[in-house]
$ cat structure.cif   # mmCIF, C-alpha atoms
data_model
loop_
_atom_site.label_atom_id
_atom_site.label_comp_id
_atom_site.auth_asym_id
_atom_site.auth_seq_id
_atom_site.Cartn_x
_atom_site.Cartn_y
_atom_site.Cartn_z
CA MET A 1 34.63 129.54 154.01
CA ALA A 2 36.56 130.30 157.17
CA GLU A 3 40.06 131.63 156.62
CA SER A 4 42.94 129.49 157.79
CA LEU A 5 45.02 130.60 160.73
CA PRO A 6 48.15 131.26 158.64
CA GLU A 7 46.06 133.40 156.30
CA ARG A 8 44.65 135.39 159.18
CA ILE A 9 48.10 135.87 160.64
CA ARG A 10 49.34 137.01 157.23
CA GLN A 11 46.57 139.58 157.09
CA ILE A 12 47.11 141.03 160.54
CA GLN A 13 50.91 140.87 160.44
CA PRO A 14 51.41 144.27 158.72
CA LYS A 15 49.02 145.93 161.14
CA LEU A 16 50.66 144.31 164.12
CA HIS A 17 54.09 145.24 162.83
CA ALA A 18 53.10 148.89 162.47
CA ALA A 19 51.52 148.94 165.91
CA ALA A 20 54.58 147.29 167.45
CA LEU A 21 56.86 149.87 165.86
CA GLY A 22 54.69 152.67 167.19
CA MET A 23 54.66 151.22 170.69
CA THR A 24 58.41 150.64 170.66
CA LEU A 25 59.01 154.19 169.53
CA SER A 26 56.78 155.51 172.27
CA LEU A 27 58.30 153.42 175.04
CA GLY A 28 61.85 153.80 173.79
CA THR A 29 61.73 157.53 173.46
CA TYR A 30 60.16 157.86 176.89
CA PHE A 31 63.06 156.00 178.44
CA ALA A 32 65.57 157.88 176.32
CA SER A 33 64.13 161.20 177.40
CA GLN A 34 64.53 160.46 181.08
CA GLY A 35 68.22 161.28 181.04
CA GLY A 36 70.75 160.30 183.63
CA ALA A 37 72.98 157.27 183.70
CA PRO A 38 71.19 154.00 184.27
CA VAL A 39 73.28 153.13 187.29
CA CYS A 40 71.41 150.55 189.21
CA ALA A 41 71.42 151.27 192.92
CA GLY A 42 69.72 148.00 193.71
CA GLY A 43 66.76 147.72 195.97
CA ALA A 44 63.18 147.39 194.91
CA CYS A 45 63.32 150.10 192.28
CA PRO A 46 61.47 148.11 189.54
CA ALA A 47 58.56 147.67 191.87
CA SER A 48 58.56 151.23 193.12
CA ALA A 49 59.39 152.68 189.68
CA VAL A 50 61.59 155.23 191.43
CA CYS A 51 65.28 155.00 190.69
CA PRO A 52 67.44 156.07 193.65
CA ALA A 53 70.28 156.87 191.28
CA GLY A 54 68.07 158.96 189.04
CA GLY A 55 67.49 158.35 185.37
CA VAL A 56 66.26 155.18 183.79
CA CYS A 57 65.65 152.02 185.73
CA ALA A 58 67.64 149.44 183.79
CA ALA A 59 65.37 146.68 185.01
CA GLN A 60 62.47 148.23 183.14
CA LEU A 61 64.26 148.57 179.82
CA PRO A 62 63.15 145.15 178.51
CA VAL A 63 59.65 146.61 178.42
CA VAL A 64 60.77 148.51 175.34
CA ALA A 65 61.45 145.27 173.50
CA LEU A 66 58.15 143.69 174.45
CA PRO A 67 56.05 144.92 171.50
CA LEU A 68 58.64 143.80 168.97
CA LEU A 69 58.96 140.44 170.70
CA VAL A 70 55.23 139.92 170.35
CA ASP A 71 55.41 140.99 166.72
CA GLY A 72 58.29 138.62 166.08
CA ALA A 73 56.47 135.78 167.80
CA VAL A 74 53.38 136.26 165.65
CA LEU A 75 55.52 136.46 162.52
CA LEU A 76 57.36 133.29 163.44
CA ALA A 77 54.13 131.49 164.26
CA GLY A 78 52.71 132.47 160.90
CA LYS A 79 55.75 131.19 159.03
CA VAL A 80 55.80 127.93 160.96
CA LEU A 81 52.10 127.33 160.45
CA SER A 82 52.22 128.09 156.74
CA ARG A 83 55.27 125.89 156.29
CA THR A 84 53.58 123.04 158.15
CA ARG A 85 50.54 123.41 155.94
CA ASN A 86 52.59 123.40 152.71
CA GLU A 87 54.82 120.44 153.52
CA PRO A 88 54.15 117.60 151.08
CA GLN A 89 52.45 114.65 152.63
CA THR A 90 54.80 111.70 152.72
CA THR A 91 53.59 108.20 153.02
CA LEU A 92 55.50 105.10 153.64
CA GLN A 93 55.30 102.80 150.72
CA THR A 94 55.26 99.17 151.66
CA GLU A 95 55.65 96.39 149.24
CA MET B 1 60.05 171.41 140.34
CA TYR B 2 56.75 171.39 142.17
CA PRO B 3 53.68 169.42 141.13
CA LYS B 4 51.40 171.39 138.83
CA VAL B 5 48.45 170.32 140.91
CA TYR B 6 49.55 172.80 143.56
CA ARG B 7 48.16 175.60 141.37
CA THR B 8 44.74 173.97 141.43
CA LEU B 9 44.80 173.99 145.19
CA THR B 10 45.87 177.60 145.72
CA ARG B 11 42.45 178.95 146.69
CA HIS B 12 41.72 175.90 148.82
CA TRP B 13 45.03 176.26 150.62
CA LEU B 14 44.36 179.93 151.30
CA LEU B 15 41.17 178.85 153.06
CA ARG B 16 43.10 176.30 155.08
CA LEU B 17 45.69 178.94 155.96
CA ALA B 18 42.84 181.01 157.31
CA GLY B 19 41.95 177.99 159.43
CA PHE B 20 45.54 177.85 160.62
CA ALA B 21 45.31 181.50 161.68
CA ALA B 22 42.03 180.76 163.43
CA GLY B 23 43.65 177.87 165.27
CA VAL B 24 46.47 180.08 166.48
CA LEU B 25 44.11 182.82 167.61
CA LEU B 26 41.73 180.44 169.34
CA LEU B 27 44.14 178.05 171.02
CA TYR B 28 47.69 179.38 171.24
CA ALA B 29 49.21 182.00 173.52
CA PRO B 30 49.51 184.96 173.48
CA PHE B 31 45.99 184.87 172.02
CA ALA B 32 44.11 181.70 173.01
CA PHE B 33 40.79 183.52 172.70
CA LEU B 34 38.69 180.39 173.01
CA THR B 35 40.50 179.34 176.17
CA ARG B 36 40.27 182.86 177.60
CA LEU B 37 36.57 182.98 176.88
CA PHE B 38 36.00 179.69 178.60
CA LEU B 39 38.07 180.71 181.61
CA PHE B 40 36.15 183.99 181.80
CA VAL B 41 32.82 182.19 181.73
CA ILE B 42 33.75 179.71 184.45
CA ASN B 43 35.66 182.38 186.37
CA LYS B 44 38.81 180.30 186.85
CA PRO B 45 42.27 181.80 186.86
CA HIS B 46 44.50 179.70 184.63
CA ILE B 47 47.20 180.16 182.03
CA ALA B 48 45.61 180.59 178.64
CA ASP B 49 47.72 178.61 176.21
CA VAL B 50 47.58 175.34 174.34
CA HIS B 51 48.39 173.33 177.46
CA SER B 52 45.10 174.42 179.03
CA ILE B 53 43.15 172.72 176.29
CA CYS B 54 45.32 169.66 175.83
CA LEU B 55 43.89 166.35 174.58
CA ARG B 56 47.04 164.26 175.08
CA MET B 57 46.86 164.28 178.85
CA PRO B 58 43.23 163.09 179.03
CA ILE B 59 44.17 160.25 176.65
CA GLN B 60 46.96 159.11 178.95
CA TRP B 61 44.62 159.45 181.92
CA LEU B 62 42.67 156.50 180.55
CA MET B 63 45.36 154.54 182.41
CA GLN B 64 45.24 156.92 185.37
CA PRO B 65 41.52 157.56 185.84
CA TRP B 66 42.08 159.30 189.17
CA MET B 67 43.69 162.11 187.20
CA TYR B 68 40.38 163.04 185.63
CA GLY B 69 39.74 164.94 188.84
CA THR B 70 42.17 167.48 187.40
CA MET B 71 39.39 168.55 185.09
CA ILE B 72 37.54 169.91 188.08
CA GLU B 73 40.41 172.30 188.72
CA THR B 74 41.05 172.92 185.01
CA PRO B 75 37.73 172.48 183.21
CA THR B 76 39.25 173.76 179.95
CA TYR B 77 40.37 170.18 179.26
CA LEU B 78 36.71 169.34 178.83
CA VAL B 79 36.60 171.49 175.72
CA ALA B 80 39.06 169.21 173.97
CA VAL B 81 37.82 165.97 175.50
CA LEU B 82 34.16 166.54 174.73
CA PHE B 83 34.29 168.53 171.52
CA LEU B 84 37.06 167.04 169.39
CA PRO B 85 36.10 163.32 169.43
CA VAL B 86 32.40 164.08 169.00
CA ALA B 87 33.16 166.45 166.14
CA ALA B 88 35.31 163.76 164.54
CA LEU B 89 32.51 161.23 164.89
CA PHE B 90 30.02 163.38 163.01
CA LEU B 91 32.15 165.62 160.80
CA GLY B 92 35.45 163.82 160.49
CA PRO B 93 38.73 165.01 161.97
CA LEU B 94 38.33 168.47 160.50
CA PHE B 95 40.32 169.86 163.43
CA CYS B 96 43.40 168.08 162.11
CA GLY B 97 43.02 169.21 158.53
CA TRP B 98 41.71 172.72 159.02
CA ILE B 99 42.59 174.11 162.45
CA CYS B 100 45.51 172.37 164.17
CA PRO B 101 48.43 174.78 163.83
CA ALA B 102 51.00 172.11 164.71
CA GLY B 103 50.04 169.99 161.72
CA LEU B 104 49.25 172.78 159.30
CA MET B 105 52.56 174.49 160.05
CA THR B 106 54.65 171.54 158.93
CA GLU B 107 52.32 170.64 156.09
CA PHE B 108 52.46 174.01 154.40
CA LEU B 109 56.16 174.53 155.02
CA SER B 110 56.86 171.11 153.51
CA ARG B 111 55.11 172.21 150.32
CA LEU B 112 58.01 174.64 149.85
CA VAL B 113 60.53 171.79 149.81
CA PRO B 114 60.93 170.12 146.39
CA PRO B 115 59.47 166.59 146.51
CA ARG B 116 62.72 165.03 145.37
CA PHE B 117 64.26 165.98 148.72
CA GLN B 118 61.48 164.38 150.72
CA LEU B 119 60.86 160.93 152.11
CA ASN B 120 57.80 159.26 150.67
CA LEU B 121 56.44 157.14 153.51
CA SER B 122 52.94 156.79 152.08
CA GLY B 123 52.08 153.13 151.70
CA ARG B 124 55.29 151.93 153.32
CA LEU B 125 53.76 151.49 156.74
CA GLN B 126 50.20 151.19 157.97
CA ALA B 127 50.23 154.63 159.53
CA PRO B 128 46.95 154.40 161.49
CA MET B 129 48.15 151.23 163.23
CA ALA B 130 51.53 152.78 164.01
CA ARG B 131 49.69 155.76 165.46
CA TYR B 132 47.50 153.52 167.59
CA GLY B 133 50.61 151.66 168.72
CA PHE B 134 52.31 154.91 169.69
CA THR B 135 49.22 155.97 171.64
CA VAL B 136 49.00 152.63 173.45
CA GLY B 137 52.72 152.86 174.24
CA MET B 138 52.21 156.34 175.63
CA MET B 139 49.49 155.02 177.91
CA ALA B 140 51.55 151.96 178.82
CA VAL B 141 54.33 154.18 180.16
CA THR B 142 52.17 154.70 183.23
CA PHE B 143 52.80 151.07 184.13
CA VAL B 144 56.50 151.83 184.46
CA GLY B 145 55.79 154.78 186.65
CA GLY B 146 56.04 157.61 184.16
CA ASN B 147 54.11 160.10 182.12
CA ALA B 148 54.86 160.35 178.44
CA CYS B 149 52.07 162.59 177.22
CA CYS B 150 54.25 165.68 177.50
CA SER B 151 57.52 164.06 176.45
CA PHE B 152 56.99 164.14 172.74
CA CYS B 153 54.35 166.79 172.38
CA ASN B 154 54.45 168.69 169.10
CA PHE B 155 51.76 171.05 170.35
CA THR B 156 54.30 172.37 172.85
CA HIS B 157 56.83 172.97 170.09
CA ALA B 158 54.25 174.80 168.01
CA GLN B 159 53.31 176.88 171.07
CA ASN B 160 56.95 177.78 171.64
CA ILE B 161 57.38 178.84 168.02
CA ILE B 162 54.23 180.95 168.05
CA SER B 163 55.17 182.53 171.37
CA ALA B 164 58.62 183.35 170.00
CA VAL B 165 57.15 184.91 166.86
CA PHE B 166 54.93 187.13 168.98
CA GLY B 167 57.56 188.45 171.32
CA ASP B 168 58.58 185.69 173.74
CA PRO B 169 61.82 184.20 172.38
CA PHE B 170 62.50 182.47 175.69
CA GLY B 171 59.90 179.96 174.61
CA LEU B 172 62.59 178.42 172.41
CA THR B 173 65.25 178.15 175.13
CA TYR B 174 64.94 174.43 175.67
CA TRP B 175 67.61 173.34 173.29
CA ALA B 176 69.65 171.74 176.08
CA SER B 177 66.93 169.25 176.78
CA PHE B 178 65.81 166.12 174.98
CA SER B 179 62.99 168.16 173.48
CA VAL B 180 65.35 169.21 170.74
CA VAL B 181 65.16 165.63 169.46
CA SER B 182 61.38 165.63 169.33
CA PHE B 183 61.43 169.04 167.69
CA ALA B 184 63.82 167.81 165.01
CA LEU B 185 61.68 164.74 164.45
CA TRP B 186 58.40 166.71 164.22
CA PHE B 187 59.55 169.72 162.29
CA VAL B 188 62.45 168.53 160.17
CA VAL B 189 62.44 164.79 159.55
CA LEU B 190 58.71 164.05 159.59
CA GLY B 191 57.74 167.60 158.66
CA LEU B 192 59.77 169.46 156.06
CA PHE B 193 61.45 166.39 154.59
CA THR B 194 58.50 164.04 154.42
CA ARG B 195 56.00 164.08 151.58
CA GLY B 196 52.91 165.88 152.78
CA GLY B 197 54.60 167.29 155.86
CA ARG B 198 52.32 165.34 158.18
CA GLY B 199 54.59 162.46 159.14
CA TRP B 200 54.27 163.25 162.84
CA CYS B 201 50.51 163.61 162.61
CA ASN B 202 50.13 160.37 160.68
CA LEU B 203 52.45 158.26 162.84
CA LEU B 204 52.83 159.75 166.31
CA CYS B 205 49.86 161.93 167.27
CA PRO B 206 47.62 160.46 169.99
CA ALA B 207 44.98 163.15 169.46
CA GLY B 208 44.89 162.29 165.77
CA ALA B 209 44.64 158.60 166.62
CA LEU B 210 41.62 159.22 168.83
CA MET B 211 39.88 161.41 166.29
CA GLY B 212 40.68 158.99 163.48
CA LEU B 213 39.15 156.18 165.51
CA PHE B 214 35.98 158.16 166.18
CA HIS B 215 35.76 159.08 162.51
CA TYR B 216 36.11 155.41 161.54
CA VAL B 217 33.33 154.51 163.97
CA GLY B 218 31.15 157.22 162.44
CA VAL B 219 31.72 155.82 158.96
CA LYS B 220 30.94 152.29 160.10
CA LEU B 221 27.80 153.39 161.93
CA LYS B 222 26.82 155.56 158.94
CA VAL B 223 26.47 158.70 161.04
CA GLY B 224 27.84 162.07 160.15
CA ARG B 225 29.91 162.92 157.10
CA SER B 226 33.16 161.85 155.53
CA VAL B 227 35.23 162.26 152.39
CA GLN B 228 34.13 159.56 149.95
CA ILE B 229 34.96 158.44 146.42
CA GLU B 230 32.24 157.71 143.87
CA GLN B 231 33.73 154.71 142.15
CA LYS B 232 31.61 155.05 139.03
CA ALA B 233 33.09 158.48 138.34
CA CYS B 234 36.64 157.68 139.45
CA SER B 235 39.18 157.38 136.65
CA ASN B 236 41.84 155.97 138.97
CA CYS B 237 44.29 158.70 137.99
CA LYS B 238 45.68 158.75 141.59
CA LEU B 239 45.97 162.54 141.57
CA CYS B 240 44.21 162.48 144.93
CA GLU B 241 46.88 160.19 146.30
CA SER B 242 49.61 162.56 145.21
CA VAL B 243 48.18 165.44 147.27
CA CYS B 244 47.00 163.47 150.29
CA ALA B 245 49.15 164.56 153.23
CA ALA B 246 47.43 162.06 155.52
CA TRP B 247 48.49 159.01 153.44
CA ALA B 248 44.83 157.98 153.45
CA ILE B 249 44.65 156.92 149.79
CA PRO B 250 46.75 153.85 149.00
CA LYS B 251 48.61 154.14 145.72
CA ALA B 252 49.19 150.53 144.79
CA LYS B 253 45.55 149.61 144.53
CA GLU B 254 43.28 149.19 141.51
CA LEU B 255 40.38 150.54 143.53
CA THR B 256 40.94 154.09 144.79
CA ALA B 257 39.43 154.48 148.23
CA ILE B 258 39.98 156.52 151.37
CA ASP B 259 40.98 155.08 154.73
CA PRO B 260 38.78 156.87 157.29
CA GLN B 261 41.24 156.09 160.08
CA ALA B 262 43.94 158.04 158.29
CA CYS B 263 41.93 160.83 156.60
CA ASN B 264 42.27 164.24 158.26
CA GLY B 265 39.41 165.91 156.42
CA CYS B 266 41.56 168.46 154.59
CA MET B 267 39.62 167.84 151.34
CA ASP B 268 42.59 168.56 149.09
CA CYS B 269 41.55 165.44 147.17
CA VAL B 270 38.01 166.79 146.72
CA LYS B 271 39.37 169.93 145.10
CA VAL B 272 41.96 168.26 142.92
CA CYS B 273 39.92 165.40 141.47
CA PRO B 274 39.50 166.01 137.71
CA SER B 275 36.46 163.71 137.56
CA GLN B 276 34.81 165.33 140.61
CA ALA B 277 34.43 161.83 141.94
CA ILE B 278 35.36 162.72 145.51
CA ARG B 279 32.86 164.36 147.80
CA TYR B 280 32.44 165.30 151.43
CA ALA B 281 29.03 163.84 152.06
CA SER B 282 26.79 162.03 154.49
CA ASN B 283 27.84 158.54 155.46
CA ARG B 284 24.28 157.40 154.85
CA LEU B 285 24.78 157.77 151.11
CA GLU B 286 26.01 154.76 149.19
CA THR B 287 29.60 154.51 150.23
CA THR B 288 32.53 153.17 148.36
CA PRO B 289 34.53 150.23 149.63
CA GLU B 290 36.84 151.23 152.41
CA ALA B 291 40.49 151.41 151.51
CA ALA B 292 42.26 148.18 152.31
CA PRO B 293 45.50 148.67 154.18
CA ALA B 294 48.33 149.56 151.85
CA PRO B 295 50.87 146.82 151.32
CA THR B 296 54.08 147.31 153.22
CA GLY B 297 57.38 147.22 151.45
CA ASP B 298 58.01 143.46 151.38
#
$ encode --input "structure.cif" --output "structure tokens"
Amino acid sequence: MAESLPERIRQIQPKLHAAALGMTLSLGTYFASQGGAPVCAGGACPASAVCPAGGVCAAQLPVVALPLLVDGAVLLAGKVLSRTRNEPQTTLQTE
Amino acid sequence: MYPKVYRTLTRHWLLRLAGFAAGVLLLYAPFAFLTRLFLFVINKPHIADVHSICLRMPIQWLMQPWMYGTMIETPTYLVAVLFLPVAALFLGPLFCGWICPAGLMTEFLSRLVPPRFQLNLSGRLQAPMARYGFTVGMMAVTFVGGNACCSFCNFTHAQNIISAVFGDPFGLTYWASFSVVSFALWFVVLGLFTRGGRGWCNLLCPAGALMGLFHYVGVKLKVGRSVQIEQKACSNCKLCESVCAAWAIPKAKELTAIDPQACNGCMDCVKVCPSQAIRYASNRLETTPEAAPAPTGD
């Protein structure tokens, strides 16, 4: 019998969580190792990926949070779907 | 103070220490005999150290395919790119468990630290997936205009230590840089003070991730060899789990099995099993069920 979506999400959640942590560590430590103050000089630095002020481009920092956001979204979706599935069915009783 | 099982493994560990010495002589300056031989054969002048035979850069170049042209100038990269994954496919990641000085250094030094002072991360996180995630993150850095393959390279730290031991102390003069953080993480936190001493290898090594993946493919395709458990002979004593530095044998499971994505082929479990239920054998033999991912600490 095919597994339900909440069950599948529950199975992949630990793997996804571990992968998201690994990705966040990789991206975060890369940015942290760049050094320099993230002083935004403006301009098209996110597109060019070259910061005129040196150091980290602050506009790119949200990339670090992306894996955890995806992980959180999958976790939330799993909880919502399993809660929806477990809610007792209510019926209107009419006399 | 130390597990009694360490005595059982003494001869086996001496063999693995010989592998460590071989790894240093073959790959690391001031020796790097394998690299020197290859450079002599192809008649290319290049620095003979671990950077000449790096696998991390070719992994990142998957996102920068134009960089593979570098291999024309420095063909020594081909040794790592062609040999290590193929060897892992057919023999398992024996490089990790028997030759890699960066991993063996921390593993054996961690055996000197009493276990009560060490973090036990085995089973708390699905290490192979974290390692894949770290590798994907390293490759994804190219999309933000950077290169991360050298940023957190433990091979560099091992090279610096070995160079310093053999007369070049300036190899260690990078303490003012961010590399001191990665050194502390590799050698101290995930090395000496983590059970097994292979925390970095199990969580953050892209080369290990690639070889683990190829080994897993080999097991699935039933080609080559791998470390396997004969379930009929297994008494489920979990002694193998206690010595596994690769966190490849989940503890909280009724069925003892080995995760091929995590296993580094060290074969400590083969030597320590009192029932002789673990073997390094062909994948075409009847295999045991693959280890299910260990439950995380929820």
$ resolve_selection --input "structure.cif" --expression "the PyMOL selection byres ((chain A) within 6 of (chain B))" --output "count of residues only"
9
$ atom_distance --input "structure.cif" --atom1 "CA of Gly208 in chain B" --atom2 "CA of Cys96 in chain B"
7.0 Å
$ atom_distance --input "structure.cif" --atom1 "CA of Phe20 in chain B" --atom2 "CA of Lys251 in chain B"
28.2 Å
$ residues_around --input "structure.cif" --residues "Val74 in chain A" --least-positions-apart "3" --cutoff "12 Å" --atoms "only C-alpha atoms" --output "compact mmCIF listing (two decimals) with C-alpha atoms, keeping the file's coordinate frame"
# COMPACT_ATOMS: atom_id res chain seq x y z
CA LEU A 5 45.02 130.60 160.73
CA PRO A 6 48.15 131.26 158.64
CA ARG A 8 44.65 135.39 159.18
CA ILE A 9 48.10 135.87 160.64
CA ARG A 10 49.34 137.01 157.23
CA GLN A 11 46.57 139.58 157.09
CA ILE A 12 47.11 141.03 160.54
CA GLN A 13 50.91 140.87 160.44
CA PRO A 14 51.41 144.27 158.72
CA LYS A 15 49.02 145.93 161.14
CA LEU A 16 50.66 144.31 164.12
CA HIS A 17 54.09 145.24 162.83
CA ALA A 20 54.58 147.29 167.45
CA PRO A 67 56.05 144.92 171.50
CA LEU A 68 58.64 143.80 168.97
CA LEU A 69 58.96 140.44 170.70
CA VAL A 70 55.23 139.92 170.35
CA ASP A 71 55.41 140.99 166.72
CA ALA A 77 54.13 131.49 164.26
CA GLY A 78 52.71 132.47 160.90
CA LYS A 79 55.75 131.19 159.03
CA VAL A 80 55.80 127.93 160.96
CA LEU A 81 52.10 127.33 160.45
$ resolve_selection --input "structure.cif" --expression "the PyMOL selection byres ((chain B and resi 270) around 12)" --output "number ranges by chain"
B: 8-9, 12, 226-230, 234, 239-241, 243-244, 258, 265-269, 271-281
$ resolve_selection --input "structure.cif" --expression "the PyMOL selection byres ((chain B and resi 247) around 9)" --output "PDB file with C-alpha atoms, in the coordinates of the input"
ATOM      1  CA  LEU B 121      56.440 157.140 153.510  1.00  0.00           C
ATOM      2  CA  SER B 122      52.940 156.790 152.080  1.00  0.00           C
ATOM      3  CA  GLY B 123      52.080 153.130 151.700  1.00  0.00           C
ATOM      4  CA  ALA B 127      50.230 154.630 159.530  1.00  0.00           C
ATOM      5  CA  GLY B 196      52.910 165.880 152.780  1.00  0.00           C
ATOM      6  CA  ARG B 198      52.320 165.340 158.180  1.00  0.00           C
ATOM      7  CA  ASN B 202      50.130 160.370 160.680  1.00  0.00           C
ATOM      8  CA  GLU B 241      46.880 160.190 146.300  1.00  0.00           C
ATOM      9  CA  VAL B 243      48.180 165.440 147.270  1.00  0.00           C
ATOM     10  CA  CYS B 244      47.000 163.470 150.290  1.00  0.00           C
ATOM     11  CA  ALA B 245      49.150 164.560 153.230  1.00  0.00           C
ATOM     12  CA  ALA B 246      47.430 162.060 155.520  1.00  0.00           C
ATOM     13  CA  ALA B 248      44.830 157.980 153.450  1.00  0.00           C
ATOM     14  CA  ILE B 249      44.650 156.920 149.790  1.00  0.00           C
ATOM     15  CA  PRO B 250      46.750 153.850 149.000  1.00  0.00           C
ATOM     16  CA  ASP B 259      40.980 155.080 154.730  1.00  0.00           C
ATOM     17  CA  ALA B 262      43.940 158.040 158.290  1.00  0.00           C
ATOM     18  CA  CYS B 263      41.930 160.830 156.600  1.00  0.00           C
TER      19      CYS B 263
END
$ closest_residue --input "structure.cif" --among "B:Pro3, B:Pro101, B:Gly212, B:Pro260" --to "Phe155 in chain B" --atoms "all atoms listed in the file"
B:Pro101
$ atom_distance --input "structure.cif" --atom1 "CA of Gly23 in chain B" --atom2 "CA of Ile53 in chain B"
12.2 Å
$ residues_near_point --input "structure.cif" --point "(37.7, 177.9, 178.7)" --cutoff "12 Å" --atoms "only C-alpha atoms" --output "MDAnalysis selection string"
chainID B and resid 26:27 32:54 71 73:80
$ residues_around --input "structure.cif" --residues "Pro115 in chain B" --least-positions-apart "2" --cutoff "12 Å" --atoms "all atoms listed in the file" --output "VMD selection string"
chain B and resid 1 to 3 110 to 113 117 to 120 192 to 197 242 to 243
$ write_last_selection --input "structure.cif" --atoms "C-alpha atoms" --output "CSV table (one decimal), keeping the file's coordinate frame"
chain,number,residue,atom,x,y,z
B,1,MET,CA,60.0,171.4,140.3
B,2,TYR,CA,56.8,171.4,142.2
B,3,PRO,CA,53.7,169.4,141.1
B,110,SER,CA,56.9,171.1,153.5
B,111,ARG,CA,55.1,172.2,150.3
B,112,LEU,CA,58.0,174.6,149.8
B,113,VAL,CA,60.5,171.8,149.8
B,117,PHE,CA,64.3,166.0,148.7
B,118,GLN,CA,61.5,164.4,150.7
B,119,LEU,CA,60.9,160.9,152.1
B,120,ASN,CA,57.8,159.3,150.7
B,192,LEU,CA,59.8,169.5,156.1
B,193,PHE,CA,61.4,166.4,154.6
B,194,THR,CA,58.5,164.0,154.4
B,195,ARG,CA,56.0,164.1,151.6
B,196,GLY,CA,52.9,165.9,152.8
B,197,GLY,CA,54.6,167.3,155.9
B,242,SER,CA,49.6,162.6,145.2
B,243,VAL,CA,48.2,165.4,147.3
$ decode --input "structure.cif" --residues "range 24-28 of chain A" --atoms "all heavy atoms" --output "PDB file, in the first residue's frame"
ATOM      1  N   THR A  24      24.047  24.493   5.767  1.00  0.00           N
ATOM      2  CA  THR A  24      24.131  25.759   6.497  1.00  0.00           C
ATOM      3  C   THR A  24      25.532  25.956   7.064  1.00  0.00           C
ATOM      4  O   THR A  24      26.084  27.062   7.016  1.00  0.00           O
ATOM      5  CB  THR A  24      23.105  25.778   7.647  1.00  0.00           C
ATOM      6  OG1 THR A  24      21.812  25.567   7.107  1.00  0.00           O
ATOM      7  CG2 THR A  24      23.140  27.104   8.393  1.00  0.00           C
ATOM      8  N   LEU A  25      26.101  24.871   7.571  1.00  0.00           N
ATOM      9  CA  LEU A  25      27.461  24.973   8.104  1.00  0.00           C
ATOM     10  C   LEU A  25      28.430  25.349   6.998  1.00  0.00           C
ATOM     11  O   LEU A  25      29.306  26.195   7.176  1.00  0.00           O
ATOM     12  CB  LEU A  25      27.859  23.644   8.741  1.00  0.00           C
ATOM     13  CG  LEU A  25      29.226  23.621   9.425  1.00  0.00           C
ATOM     14  CD1 LEU A  25      29.232  24.565  10.606  1.00  0.00           C
ATOM     15  CD2 LEU A  25      29.562  22.215   9.900  1.00  0.00           C
ATOM     16  N   SER A  26      28.267  24.736   5.853  1.00  0.00           N
ATOM     17  CA  SER A  26      29.172  25.009   4.742  1.00  0.00           C
ATOM     18  C   SER A  26      29.048  26.455   4.275  1.00  0.00           C
ATOM     19  O   SER A  26      30.041  27.184   4.149  1.00  0.00           O
ATOM     20  CB  SER A  26      28.850  24.053   3.595  1.00  0.00           C
ATOM     21  OG  SER A  26      29.661  24.306   2.478  1.00  0.00           O
ATOM     22  N   LEU A  27      27.824  26.887   4.042  1.00  0.00           N
ATOM     23  CA  LEU A  27      27.617  28.251   3.556  1.00  0.00           C
ATOM     24  C   LEU A  27      27.987  29.277   4.624  1.00  0.00           C
ATOM     25  O   LEU A  27      28.617  30.291   4.342  1.00  0.00           O
ATOM     26  CB  LEU A  27      26.150  28.439   3.144  1.00  0.00           C
ATOM     27  CG  LEU A  27      25.703  27.645   1.911  1.00  0.00           C
ATOM     28  CD1 LEU A  27      24.198  27.692   1.758  1.00  0.00           C
ATOM     29  CD2 LEU A  27      26.375  28.188   0.656  1.00  0.00           C
ATOM     30  N   GLY A  28      27.583  29.009   5.847  1.00  0.00           N
ATOM     31  CA  GLY A  28      27.852  29.959   6.925  1.00  0.00           C
ATOM     32  C   GLY A  28      29.329  30.127   7.192  1.00  0.00           C
ATOM     33  O   GLY A  28      29.814  31.245   7.364  1.00  0.00           O
TER      34      GLY A  28
END
